[in-house]
>>> print(open('structure-v8.pdb').read())   # PDB, C-alpha atoms
ATOM      1  CA  MET S   1     -14.760   6.085  11.429
ATOM      2  CA  ARG S   2     -12.578   8.822  12.928
ATOM      3  CA  GLY S   3      -9.819  10.573  10.983
ATOM      4  CA  GLU S   4      -7.015  12.711  12.374
ATOM      5  CA  PHE S   5      -3.493  13.933  11.721
ATOM      6  CA  VAL S   6      -0.328  12.935  13.562
ATOM      7  CA  ASP S   7       2.748  15.160  13.491
ATOM      8  CA  LEU S   8       5.931  13.252  12.648
ATOM      9  CA  GLY S   9       8.914  15.577  12.731
ATOM     10  CA  GLY S  10       6.948  18.522  11.386
ATOM     11  CA  LYS S  11       5.117  16.517   8.711
ATOM     12  CA  ARG S  12       1.492  15.499   9.122
ATOM     13  CA  ILE S  13       0.402  11.914   8.494
ATOM     14  CA  TYR S  14      -3.322  11.331   8.117
ATOM     15  CA  TYR S  15      -5.037   8.151   9.246
ATOM     16  CA  TYR S  16      -8.522   7.088  10.141
ATOM     17  CA  ALA S  17      -9.475   4.635  12.822
ATOM     18  CA  ALA S  18     -12.127   1.985  12.287
ATOM     19  CA  GLY S  19     -13.241  -1.218  13.947
ATOM     20  CA  SER S  20     -13.396  -1.548  17.704
ATOM     21  CA  ARG S  21     -10.711  -2.149  20.269
ATOM     22  CA  GLY S  22     -10.794  -5.509  21.942
ATOM     23  CA  ALA S  23      -8.717  -8.608  22.450
ATOM     24  CA  GLY S  24      -7.917  -8.847  18.747
ATOM     25  CA  GLU S  25      -4.649  -7.679  17.239
ATOM     26  CA  PRO S  26      -4.508  -4.132  15.813
ATOM     27  CA  VAL S  27      -4.413  -4.015  12.007
ATOM     28  CA  ILE S  28      -2.518  -1.384   9.968
ATOM     29  CA  LEU S  29      -3.639  -1.014   6.342
ATOM     30  CA  LEU S  30      -1.275   0.527   3.775
ATOM     31  CA  HIS S  31      -2.439   1.460   0.277
ATOM     32  CA  GLY S  32      -0.382   1.465  -2.923
ATOM     33  CA  PHE S  33       0.213   3.809  -5.874
ATOM     34  CA  PRO S  34      -1.650   6.044  -6.713
ATOM     35  CA  THR S  35      -4.440   5.590  -4.181
ATOM     36  CA  SER S  36      -4.992   6.535  -0.534
ATOM     37  CA  SER S  37      -6.666   5.229   2.606
ATOM     38  CA  ARG S  38      -9.948   5.303   0.654
ATOM     39  CA  LEU S  39      -8.904   2.057  -1.059
ATOM     40  CA  TRP S  40      -9.742   0.064   2.091
ATOM     41  CA  HIS S  41     -13.219   1.447   2.741
ATOM     42  CA  SER S  42     -15.138  -1.670   1.676
ATOM     43  CA  VAL S  43     -12.723  -3.986   3.520
ATOM     44  CA  VAL S  44     -12.925  -2.259   6.900
ATOM     45  CA  ARG S  45     -16.683  -1.622   6.736
ATOM     46  CA  ASP S  46     -17.603  -5.177   7.821
ATOM     47  CA  PHE S  47     -14.389  -6.185   9.571
ATOM     48  CA  PRO S  48     -14.878  -8.498  12.586
ATOM     49  CA  ALA S  49     -15.286  -6.700  15.902
ATOM     50  CA  GLY S  50     -12.459  -6.547  18.411
ATOM     51  CA  HIS S  51      -9.718  -5.202  16.139
ATOM     52  CA  ARG S  52      -8.404  -1.649  16.138
ATOM     53  CA  LEU S  53      -8.010  -0.727  12.462
ATOM     54  CA  VAL S  54      -5.624   2.053  11.464
ATOM     55  CA  VAL S  55      -5.939   3.045   7.803
ATOM     56  CA  VAL S  56      -3.101   5.307   6.666
ATOM     57  CA  ASP S  57      -2.449   7.826   3.908
ATOM     58  CA  LEU S  58       1.222   7.194   3.112
ATOM     59  CA  PRO S  59       3.423  10.318   3.012
ATOM     60  CA  GLY S  60       2.642  12.404  -0.049
ATOM     61  CA  TYR S  61      -0.684  10.646  -0.707
ATOM     62  CA  GLY S  62      -4.227  11.623   0.211
ATOM     63  CA  ARG S  63      -4.199  14.111   3.057
ATOM     64  CA  SER S  64      -0.667  13.357   4.306
ATOM     65  CA  ASP S  65       2.188  15.800   3.784
ATOM     66  CA  PRO S  66       5.046  14.678   1.534
ATOM     67  CA  LEU S  67       8.338  13.968   3.244
ATOM     68  CA  ASP S  68      11.403  16.096   2.502
ATOM     69  CA  VAL S  69      13.597  13.739   0.487
ATOM     70  CA  GLY S  70      15.968  14.149  -2.401
ATOM     71  CA  GLY S  71      17.054  11.996  -5.296
ATOM     72  CA  ASP S  72      14.373   9.733  -6.666
ATOM     73  CA  GLY S  73      11.769  10.618  -4.075
ATOM     74  CA  VAL S  74      10.221   8.637  -1.267
ATOM     75  CA  THR S  75      11.141   4.944  -1.164
ATOM     76  CA  SER S  76       9.667   1.960   0.636
ATOM     77  CA  ALA S  77      12.401   2.462   3.241
ATOM     78  CA  THR S  78      11.415   6.065   3.997
ATOM     79  CA  HIS S  79       7.714   5.171   3.993
ATOM     80  CA  ALA S  80       8.437   2.308   6.428
ATOM     81  CA  ALA S  81      10.354   4.609   8.761
ATOM     82  CA  ALA S  82       7.340   6.956   8.847
ATOM     83  CA  ILE S  83       4.964   4.075   9.637
ATOM     84  CA  HIS S  84       7.306   2.828  12.365
ATOM     85  CA  ALA S  85       7.205   6.311  13.908
ATOM     86  CA  LEU S  86       3.410   6.259  13.605
ATOM     87  CA  PHE S  87       3.339   3.010  15.640
ATOM     88  CA  ASP S  88       5.113   4.858  18.442
ATOM     89  CA  GLU S  89       2.866   7.923  18.223
ATOM     90  CA  LEU S  90      -0.275   5.764  18.422
ATOM     91  CA  SER S  91       1.183   3.542  21.197
ATOM     92  CA  ILE S  92       0.878   0.414  19.064
ATOM     93  CA  ALA S  93       3.363  -2.182  20.267
ATOM     94  CA  LYS S  94       2.632  -4.756  17.546
ATOM     95  CA  ALA S  95       0.151  -5.036  14.708
ATOM     96  CA  CYS S  96      -0.861  -7.084  11.719
ATOM     97  CA  VAL S  97       0.406  -5.064   8.754
ATOM     98  CA  VAL S  98      -1.487  -5.293   5.461
ATOM     99  CA  GLY S  99       0.051  -3.707   2.373
ATOM    100  CA  HIS S 100      -1.289  -3.378  -1.161
ATOM    101  CA  GLY S 101       0.967  -2.719  -4.181
ATOM    102  CA  LEU S 102       3.568  -0.160  -3.148
ATOM    103  CA  GLY S 103       2.214  -0.538   0.412
ATOM    104  CA  GLY S 104       3.233  -4.196   0.262
ATOM    105  CA  GLY S 105       6.818  -3.112  -0.341
ATOM    106  CA  VAL S 106       6.517  -0.786   2.658
ATOM    107  CA  ALA S 107       5.115  -3.662   4.738
ATOM    108  CA  GLN S 108       8.092  -5.834   3.753
ATOM    109  CA  ALA S 109      10.545  -3.072   4.710
ATOM    110  CA  LEU S 110       8.782  -2.685   8.056
ATOM    111  CA  ALA S 111       8.708  -6.428   8.781
ATOM    112  CA  VAL S 112      12.350  -6.987   7.831
ATOM    113  CA  GLN S 113      13.702  -4.038   9.826
ATOM    114  CA  TRP S 114      11.362  -4.179  12.848
ATOM    115  CA  PRO S 115      10.032  -7.766  13.019
ATOM    116  CA  ASP S 116       9.163  -7.359  16.690
ATOM    117  CA  ARG S 117       6.522  -4.764  15.739
ATOM    118  CA  VAL S 118       4.788  -6.898  13.075
ATOM    119  CA  SER S 119       2.668  -9.708  14.517
ATOM    120  CA  ALA S 120       1.369 -10.843  11.117
ATOM    121  CA  LEU S 121       1.918  -9.762   7.528
ATOM    122  CA  ALA S 122      -0.406  -9.637   4.520
ATOM    123  CA  LEU S 123       0.873  -8.727   1.041
ATOM    124  CA  VAL S 124      -1.880  -7.902  -1.448
ATOM    125  CA  SER S 125      -0.871  -7.768  -5.132
ATOM    126  CA  SER S 126       2.356  -6.410  -3.720
ATOM    127  CA  SER S 127       5.518  -4.990  -5.165
ATOM    128  CA  GLY S 128       8.648  -6.986  -4.438
ATOM    129  CA  PHE S 129      11.957  -8.279  -5.822
ATOM    130  CA  GLY S 130      12.506  -4.910  -7.494
ATOM    131  CA  ALA S 131       9.669  -5.511  -9.971
ATOM    132  CA  LYS S 132       7.985  -2.405 -11.399
ATOM    133  CA  PRO S 133       4.544  -1.810 -12.887
ATOM    134  CA  ALA S 134       5.893  -1.580 -16.423
ATOM    135  CA  ARG S 135       3.475   0.991 -17.860
ATOM    136  CA  MET S 136       3.946   3.458 -15.012
ATOM    137  CA  ALA S 137       7.726   2.957 -15.065
ATOM    138  CA  ARG S 138       7.795   3.695 -18.808
ATOM    139  CA  MET S 139       5.723   6.829 -18.211
ATOM    140  CA  ALA S 140       8.168   7.977 -15.526
ATOM    141  CA  ARG S 141      11.141   7.471 -17.854
ATOM    142  CA  ALA S 142       9.399   9.140 -20.811
ATOM    143  CA  LEU S 143       8.451  12.216 -18.815
ATOM    144  CA  GLY S 144      11.646  12.438 -16.786
ATOM    145  CA  PRO S 145      12.185  15.876 -15.194
ATOM    146  CA  LEU S 146       9.340  17.266 -17.319
ATOM    147  CA  ALA S 147       6.861  15.521 -14.999
ATOM    148  CA  ARG S 148       7.549  18.127 -12.323
ATOM    149  CA  HIS S 149       6.602  20.909 -14.746
ATOM    150  CA  ALA S 150       3.596  19.356 -16.496
ATOM    151  CA  PRO S 151       0.159  20.904 -15.907
ATOM    152  CA  PRO S 152      -1.036  19.278 -12.653
ATOM    153  CA  GLY S 153      -4.315  18.055 -14.102
ATOM    154  CA  LEU S 154      -2.562  16.567 -17.137
ATOM    155  CA  LEU S 155      -0.142  14.465 -15.093
ATOM    156  CA  ALA S 156      -2.943  13.202 -12.848
ATOM    157  CA  GLY S 157      -4.980  12.375 -15.953
ATOM    158  CA  LEU S 158      -2.126  10.398 -17.501
ATOM    159  CA  VAL S 159      -1.765   8.360 -14.317
ATOM    160  CA  HIS S 160      -5.552   7.842 -14.174
ATOM    161  CA  GLY S 161      -5.521   6.407 -17.692
ATOM    162  CA  GLY S 162      -2.515   4.240 -16.939
ATOM    163  CA  VAL S 163      -3.931   2.511 -13.872
ATOM    164  CA  ARG S 164      -7.634   2.105 -14.782
ATOM    165  CA  ARG S 165      -7.044  -1.336 -16.230
ATOM    166  CA  GLY S 166      -5.855  -2.438 -12.788
ATOM    167  CA  PHE S 167      -9.529  -2.602 -11.732
ATOM    168  CA  ALA S 168     -11.731  -5.528 -12.704
ATOM    169  CA  ASP S 169     -14.376  -2.974 -13.706
ATOM    170  CA  PRO S 170     -12.560   0.097 -15.093
ATOM    171  CA  ASP S 171     -15.777   2.126 -15.124
ATOM    172  CA  ARG S 172     -16.365   1.412 -11.442
ATOM    173  CA  SER S 173     -12.848   2.640 -10.754
ATOM    174  CA  ARG S 174     -13.627   6.195 -11.760
ATOM    175  CA  LEU S 175     -14.872   7.420  -8.364
ATOM    176  CA  THR S 176     -11.978   5.861  -6.474
ATOM    177  CA  LEU S 177      -9.343   7.216  -8.848
ATOM    178  CA  ASP S 178     -10.964  10.649  -9.107
ATOM    179  CA  THR S 179     -11.013  10.856  -5.307
ATOM    180  CA  CYS S 180      -7.465   9.602  -4.781
ATOM    181  CA  LEU S 181      -5.896  11.614  -7.601
ATOM    182  CA  HIS S 182      -7.627  14.872  -6.664
ATOM    183  CA  ALA S 183      -4.817  15.616  -4.204
ATOM    184  CA  PHE S 184      -2.380  15.627  -7.145
ATOM    185  CA  THR S 185      -4.183  18.268  -9.217
ATOM    186  CA  THR S 186      -2.475  21.251  -7.557
ATOM    187  CA  PRO S 187       1.091  22.398  -8.329
ATOM    188  CA  ALA S 188       2.340  20.928  -5.035
ATOM    189  CA  GLY S 189       0.399  17.729  -5.679
ATOM    190  CA  ARG S 190       1.846  17.508  -9.204
ATOM    191  CA  THR S 191       5.357  17.683  -7.736
ATOM    192  CA  ALA S 192       4.513  14.934  -5.243
ATOM    193  CA  LEU S 193       3.015  12.730  -7.980
ATOM    194  CA  ALA S 194       6.105  13.197 -10.151
ATOM    195  CA  GLY S 195       8.208  12.054  -7.200
ATOM    196  CA  HIS S 196       6.033   8.975  -6.706
ATOM    197  CA  LEU S 197       6.398   8.095 -10.400
ATOM    198  CA  ALA S 198      10.174   8.444 -10.174
ATOM    199  CA  ALA S 199      10.212   6.208  -7.099
ATOM    200  CA  LEU S 200       8.278   3.535  -9.013
ATOM    201  CA  ASP S 201      10.988   3.518 -11.668
ATOM    202  CA  HIS S 202      13.708   3.244  -9.022
ATOM    203  CA  CYS S 203      12.047   0.551  -6.954
ATOM    204  CA  ASP S 204      14.029  -0.416  -3.837
ATOM    205  CA  THR S 205      12.093  -3.543  -2.822
ATOM    206  CA  ALA S 206      14.775  -6.034  -3.908
ATOM    207  CA  GLN S 207      16.742  -5.388  -0.706
ATOM    208  CA  TRP S 208      13.743  -6.357   1.441
ATOM    209  CA  SER S 209      12.626  -9.320  -0.654
ATOM    210  CA  ALA S 210      16.135 -10.779  -0.378
ATOM    211  CA  ARG S 211      15.617 -10.990   3.402
ATOM    212  CA  LEU S 212      12.076 -12.396   3.478
ATOM    213  CA  GLY S 213      13.401 -15.810   4.502
ATOM    214  CA  GLN S 214      14.225 -14.305   7.915
ATOM    215  CA  LEU S 215      10.586 -13.562   8.704
ATOM    216  CA  GLN S 216       8.808 -15.726  11.255
ATOM    217  CA  MET S 217       5.425 -14.037  11.634
ATOM    218  CA  PRO S 218       2.279 -15.595  10.084
ATOM    219  CA  THR S 219       2.009 -14.290   6.529
ATOM    220  CA  ALA S 220      -0.657 -14.338   3.825
ATOM    221  CA  VAL S 221       0.013 -13.394   0.206
ATOM    222  CA  ILE S 222      -3.199 -12.468  -1.632
ATOM    223  CA  TRP S 223      -3.384 -11.753  -5.345
ATOM    224  CA  GLY S 224      -5.798 -10.715  -8.026
ATOM    225  CA  GLN S 225      -5.847 -13.554 -10.521
ATOM    226  CA  ASP S 226      -6.183 -11.042 -13.368
ATOM    227  CA  ASP S 227      -3.612  -8.520 -12.096
ATOM    228  CA  PRO S 228      -2.188  -6.803 -15.218
ATOM    229  CA  PHE S 229       0.715  -5.174 -13.360
ATOM    230  CA  PHE S 230       2.133  -8.000 -11.232
ATOM    231  CA  PRO S 231       1.123 -11.499 -12.398
ATOM    232  CA  PRO S 232       0.123 -14.175  -9.858
ATOM    233  CA  ALA S 233       3.478 -15.887 -10.430
ATOM    234  CA  HIS S 234       5.064 -12.860  -8.750
ATOM    235  CA  GLY S 235       2.844 -13.446  -5.709
ATOM    236  CA  GLU S 236       3.705 -17.135  -5.654
ATOM    237  CA  ARG S 237       7.381 -16.182  -5.614
ATOM    238  CA  LEU S 238       6.825 -13.880  -2.646
ATOM    239  CA  ALA S 239       4.914 -16.576  -0.763
ATOM    240  CA  ALA S 240       7.641 -19.153  -1.465
ATOM    241  CA  ALA S 241      10.261 -16.796  -0.045
ATOM    242  CA  ILE S 242       8.514 -16.436   3.339
ATOM    243  CA  PRO S 243       8.500 -19.465   5.648
ATOM    244  CA  GLY S 244       4.956 -20.759   6.217
ATOM    245  CA  ALA S 245       3.272 -18.123   4.036
ATOM    246  CA  THR S 246      -0.056 -18.957   2.411
ATOM    247  CA  PHE S 247      -1.024 -17.888  -1.119
ATOM    248  CA  ASP S 248      -4.510 -17.044  -2.359
ATOM    249  CA  ALA S 249      -5.336 -15.999  -5.924
ATOM    250  CA  ILE S 250      -8.764 -14.369  -6.115
ATOM    251  CA  PRO S 251     -10.713 -15.117  -9.309
ATOM    252  CA  GLY S 252     -12.187 -12.094 -11.035
ATOM    253  CA  ALA S 253      -9.968  -9.608  -9.197
ATOM    254  CA  ALA S 254      -7.331  -7.495 -10.946
ATOM    255  CA  HIS S 255      -4.650  -5.409  -9.221
ATOM    256  CA  PHE S 256      -6.830  -3.342  -6.896
ATOM    257  CA  VAL S 257      -8.083  -6.311  -4.871
ATOM    258  CA  PRO S 258      -9.502  -4.212  -1.964
ATOM    259  CA  GLU S 259     -11.894  -2.628  -4.488
ATOM    260  CA  ASP S 260     -12.467  -5.644  -6.742
ATOM    261  CA  SER S 261     -13.084  -8.302  -4.101
ATOM    262  CA  PRO S 262     -13.266  -6.807  -0.577
ATOM    263  CA  ASP S 263     -15.311  -9.652   0.930
ATOM    264  CA  HIS S 264     -12.923 -12.364  -0.273
ATOM    265  CA  LEU S 265      -9.924 -10.338   0.894
ATOM    266  CA  ARG S 266     -11.501  -9.750   4.312
ATOM    267  CA  ARG S 267     -12.085 -13.504   4.745
ATOM    268  CA  VAL S 268      -8.421 -14.229   4.015
ATOM    269  CA  LEU S 269      -7.372 -11.572   6.535
ATOM    270  CA  GLU S 270      -9.716 -13.095   9.108
ATOM    271  CA  ARG S 271      -8.012 -16.480   8.618
ATOM    272  CA  LEU S 272      -4.608 -14.843   9.037
ATOM    273  CA  LEU S 273      -5.663 -13.213  12.295
ATOM    274  CA  THR S 274      -6.938 -16.501  13.706
ATOM    275  CA  ARG S 275      -3.367 -17.792  13.423
ATOM    276  CA  LEU S 276      -2.467 -15.276  16.150
ATOM    277  CA  ALA S 277      -5.103 -16.502  18.580
TER     278      ALA S 277
END
>>> encode(input="structure-v8.pdb", output="structure tokens")
Amino acid sequence: MRGEFVDLGGKRIYYYAAGSRGAGEPVILLHGFPTSSRLWHSVVRDFPAGHRLVVVDLPGYGRSDPLDVGGDGVTSATHAAAIHALFDELSIAKACVVGHGLGGGVAQALAVQWPDRVSALALVSSSGFGAKPARMARMARALGPLARHAPPGLLAGLVHGGVRRGFADPDRSRLTLDTCLHAFTTPAGRTALAGHLAALDHCDTAQWSARLGQLQMPTAVIWGQDDPFFPPAHGERLAAAIPGATFDAIPGAAHFVPEDSPDHLRRVLERLLTRLA
């Protein structure tokens, strides 16, 4: 795997490349809150040969710089614009876009606004229809402006405790969450994390979900059957809104499907990619 930064208007976006270039479609993998590109490690490790894999840290997560935005922070629309610019920087004409959680909302925004750049779409325990992960949204409202002034380690710890139950094995989640949340334990990281929390409470995905019926690319909706944040019925609603979309609920997986059931998820993605052949 090879990681590097790309400059987008003075802000650095980090990604790592995996897989191998070949006749297969490129695949862009977008994580959700509060993780990073690390979420996909077990999925990309054994991915079929012939696909260029681009695994991204969304702006303000992992190693990527936060974008300069006001109001309620970065939205799925601003994330999608950054990923669209990344396509151009990496000379990717079209790709299969896979989004988890918040990243699923970004994938929807990308597919709705630039359908010619998205050859296939996969939504994994995805946000949509303006739905919010209730516990994190309540935390954002309770903290309000104080979140930007809380001790950095305290805010990261509160988020850690709030999302652990999104893993099928909360104890196994510790390394992933410790790694992903480490970037938020500095004063600058604390400010970024507070912005991400605010954005969760002001979710803008309803505007994209309302237009999902326009999409024509092959689409797979994949869900953790035990997701405590977005129930499978939410995934079924997303799949029903997209013409020809398939729906898979993975037994034993919670919200963080790429960690809980990477092999099952990879098989579903393989089936989606065969629809492009």
>>> residues_around(input="structure-v8.pdb", residues="Arg237 (chain S)", least_positions_apart="2", cutoff="12 Å", atoms="all atoms listed in the file", output="list in words")
Leu123, Ser125, Ser126, Ser127, Gly128, Phe129, Ala131, Ser209, Ala210, Leu212, Gly213, Val221, Ile222, Trp223, Phe230, Pro231, Pro232, Ala233, His234, Gly235, Ala239, Ala240, Ala241, Ile242, Pro243, Ala245, Thr246 and Phe247 of chain S
>>> write_last_selection(input="structure-v8.pdb", atoms="C-alpha atoms", output="PDB file, in the coordinates of the input")
ATOM      1  CA  LEU S 123       0.873  -8.727   1.041  1.00  0.00           C
ATOM      2  CA  SER S 125      -0.871  -7.768  -5.132  1.00  0.00           C
ATOM      3  CA  SER S 126       2.356  -6.410  -3.720  1.00  0.00           C
ATOM      4  CA  SER S 127       5.518  -4.990  -5.165  1.00  0.00           C
ATOM      5  CA  GLY S 128       8.648  -6.986  -4.438  1.00  0.00           C
ATOM      6  CA  PHE S 129      11.957  -8.279  -5.822  1.00  0.00           C
ATOM      7  CA  ALA S 131       9.669  -5.511  -9.971  1.00  0.00           C
ATOM      8  CA  SER S 209      12.626  -9.320  -0.654  1.00  0.00           C
ATOM      9  CA  ALA S 210      16.135 -10.779  -0.378  1.00  0.00           C
ATOM     10  CA  LEU S 212      12.076 -12.396   3.478  1.00  0.00           C
ATOM     11  CA  GLY S 213      13.401 -15.810   4.502  1.00  0.00           C
ATOM     12  CA  VAL S 221       0.013 -13.394   0.206  1.00  0.00           C
ATOM     13  CA  ILE S 222      -3.199 -12.468  -1.632  1.00  0.00           C
ATOM     14  CA  TRP S 223      -3.384 -11.753  -5.345  1.00  0.00           C
ATOM     15  CA  PHE S 230       2.133  -8.000 -11.232  1.00  0.00           C
ATOM     16  CA  PRO S 231       1.123 -11.499 -12.398  1.00  0.00           C
ATOM     17  CA  PRO S 232       0.123 -14.175  -9.858  1.00  0.00           C
ATOM     18  CA  ALA S 233       3.478 -15.887 -10.430  1.00  0.00           C
ATOM     19  CA  HIS S 234       5.064 -12.860  -8.750  1.00  0.00           C
ATOM     20  CA  GLY S 235       2.844 -13.446  -5.709  1.00  0.00           C
ATOM     21  CA  ALA S 239       4.914 -16.576  -0.763  1.00  0.00           C
ATOM     22  CA  ALA S 240       7.641 -19.153  -1.465  1.00  0.00           C
ATOM     23  CA  ALA S 241      10.261 -16.796  -0.045  1.00  0.00           C
ATOM     24  CA  ILE S 242       8.514 -16.436   3.339  1.00  0.00           C
ATOM     25  CA  PRO S 243       8.500 -19.465   5.648  1.00  0.00           C
ATOM     26  CA  ALA S 245       3.272 -18.123   4.036  1.00  0.00           C
ATOM     27  CA  THR S 246      -0.056 -18.957   2.411  1.00  0.00           C
ATOM     28  CA  PHE S 247      -1.024 -17.888  -1.119  1.00  0.00           C
TER      29      PHE S 247
END
>>> atom_distance(input="structure-v8.pdb", atom1="CA of Ala168 (chain S)", atom2="CA of Asp57 (chain S)")
23.2 Å
>>> resolve_selection(input="structure-v8.pdb", expression="the PyMOL selection byres ((chain S and resi 275) around 10)", output="list in words")
Ala120, Met217, Pro218, Thr219, Glu270, Arg271, Leu272, Leu273, Thr274, Leu276 and Ala277 of chain S
>>> atom_distance(input="structure-v8.pdb", atom1="CA of Pro187 (chain S)", atom2="CA of Arg138 (chain S)")
22.5 Å
>>> resolve_selection(input="structure-v8.pdb", expression="the PyMOL selection byres ((chain S and resi 162) around 12)", output="list in words")
Phe33, Pro34, Pro133, Ala134, Arg135, Met136, Ala137, Arg138, Met139, Ala140, Leu155, Ala156, Gly157, Leu158, Val159, His160, Gly161, Val163, Arg164, Arg165, Gly166, Phe167, Pro170, Leu177, Leu197, Pro228 and Phe229 of chain S
>>> residues_around(input="structure-v8.pdb", residues="Tyr14 (chain S)", least_positions_apart="6", cutoff="12 Å", atoms="only C-alpha atoms", output="JSON, numbers by chain")
{"S": [2, 3, 4, 5, 6, 7, 8, 30, 36, 37, 38, 54, 55, 56, 57, 58, 59, 60, 61, 62, 63, 64, 65, 66, 82, 83, 86]}
>>> closest_residue(input="structure-v8.pdb", among="S:Gly32, S:Pro151, S:Pro251, S:Pro262", to="Gly103 (chain S)", atoms="only C-alpha atoms")
S:Gly32
>>> resolve_selection(input="structure-v8.pdb", expression="the PyMOL selection byres ((chain S and resi 198) around 10)", output="ChimeraX atom specification")
/S:71-75,136-137,139-141,143-145,147,192-197,199-203
>>> atom_distance(input="structure-v8.pdb", atom1="CA of Asp178 (chain S)", atom2="CA of His149 (chain S)")
21.1 Å
>>> axis_aligned_box(input="structure-v8.pdb", around="region 143-154 of chain S", padding_each_side="4 Å", output="JSON")
{"center_x": 3.9, "center_y": 16.6, "center_z": -15.6, "size_x": 24.5, "size_y": 16.7, "size_z": 14.5}
>>> closest_residue(input="structure-v8.pdb", among="S:Ser42, S:Thr185, S:Ser119, S:Thr35", to="Lys94 (chain S)", atoms="only C-alpha atoms")
S:Ser119
>>> build_atoms(input="structure-v8.pdb", residues="region 39-56 of chain S", atoms="N, CA and C atoms", output="mmCIF file, keeping the file's coordinate frame")
data_model
loop_
_atom_site.group_PDB
_atom_site.id
_atom_site.type_symbol
_atom_site.label_atom_id
_atom_site.label_comp_id
_atom_site.auth_asym_id
_atom_site.auth_seq_id
_atom_site.Cartn_x
_atom_site.Cartn_y
_atom_site.Cartn_z
ATOM 1 N N LEU S 39 -8.914 3.370 -0.419
ATOM 2 C CA LEU S 39 -8.904 2.057 -1.059
ATOM 3 C C LEU S 39 -9.499 0.973 -0.167
ATOM 4 N N TRP S 40 -9.372 1.123 1.160
ATOM 5 C CA TRP S 40 -9.742 0.064 2.091
ATOM 6 C C TRP S 40 -11.169 0.184 2.617
ATOM 7 N N HIS S 41 -11.911 1.168 2.149
ATOM 8 C CA HIS S 41 -13.219 1.447 2.741
ATOM 9 C C HIS S 41 -14.115 0.212 2.799
ATOM 10 N N SER S 42 -14.229 -0.520 1.707
ATOM 11 C CA SER S 42 -15.138 -1.670 1.676
ATOM 12 C C SER S 42 -14.614 -2.846 2.493
ATOM 13 N N VAL S 43 -13.304 -2.904 2.710
ATOM 14 C CA VAL S 43 -12.723 -3.986 3.520
ATOM 15 C C VAL S 43 -12.996 -3.754 4.994
ATOM 16 N N VAL S 44 -12.798 -2.518 5.465
ATOM 17 C CA VAL S 44 -12.925 -2.259 6.900
ATOM 18 C C VAL S 44 -14.385 -2.155 7.340
ATOM 19 N N ARG S 45 -15.279 -1.873 6.383
ATOM 20 C CA ARG S 45 -16.683 -1.622 6.736
ATOM 21 C C ARG S 45 -17.298 -2.771 7.527
ATOM 22 N N ASP S 46 -17.012 -4.016 7.145
ATOM 23 C CA ASP S 46 -17.603 -5.177 7.821
ATOM 24 C C ASP S 46 -16.555 -6.033 8.509
ATOM 25 N N PHE S 47 -15.461 -5.413 8.937
ATOM 26 C CA PHE S 47 -14.389 -6.185 9.571
ATOM 27 C C PHE S 47 -14.861 -6.716 10.917
ATOM 28 N N PRO S 48 -14.436 -7.927 11.305
ATOM 29 C CA PRO S 48 -14.878 -8.498 12.586
ATOM 30 C C PRO S 48 -14.574 -7.572 13.763
ATOM 31 N N ALA S 49 -15.457 -7.544 14.716
ATOM 32 C CA ALA S 49 -15.286 -6.700 15.902
ATOM 33 C C ALA S 49 -14.079 -7.154 16.720
ATOM 34 N N GLY S 50 -13.551 -6.226 17.493
ATOM 35 C CA GLY S 50 -12.459 -6.547 18.411
ATOM 36 C C GLY S 50 -11.087 -6.157 17.917
ATOM 37 N N HIS S 51 -11.011 -5.608 16.688
ATOM 38 C CA HIS S 51 -9.718 -5.202 16.139
ATOM 39 C C HIS S 51 -9.693 -3.690 15.931
ATOM 40 N N ARG S 52 -8.641 -3.062 16.415
ATOM 41 C CA ARG S 52 -8.404 -1.649 16.138
ATOM 42 C C ARG S 52 -7.801 -1.556 14.739
ATOM 43 N N LEU S 53 -8.474 -0.877 13.834
ATOM 44 C CA LEU S 53 -8.010 -0.727 12.462
ATOM 45 C C LEU S 53 -7.455 0.675 12.266
ATOM 46 N N VAL S 54 -6.259 0.770 11.742
ATOM 47 C CA VAL S 54 -5.624 2.053 11.464
ATOM 48 C C VAL S 54 -5.322 2.092 9.966
ATOM 49 N N VAL S 55 -6.012 2.984 9.261
ATOM 50 C CA VAL S 55 -5.939 3.045 7.803
ATOM 51 C C VAL S 55 -5.213 4.336 7.434
ATOM 52 N N VAL S 56 -4.054 4.211 6.786
ATOM 53 C CA VAL S 56 -3.101 5.307 6.666
ATOM 54 C C VAL S 56 -3.059 5.869 5.245
#
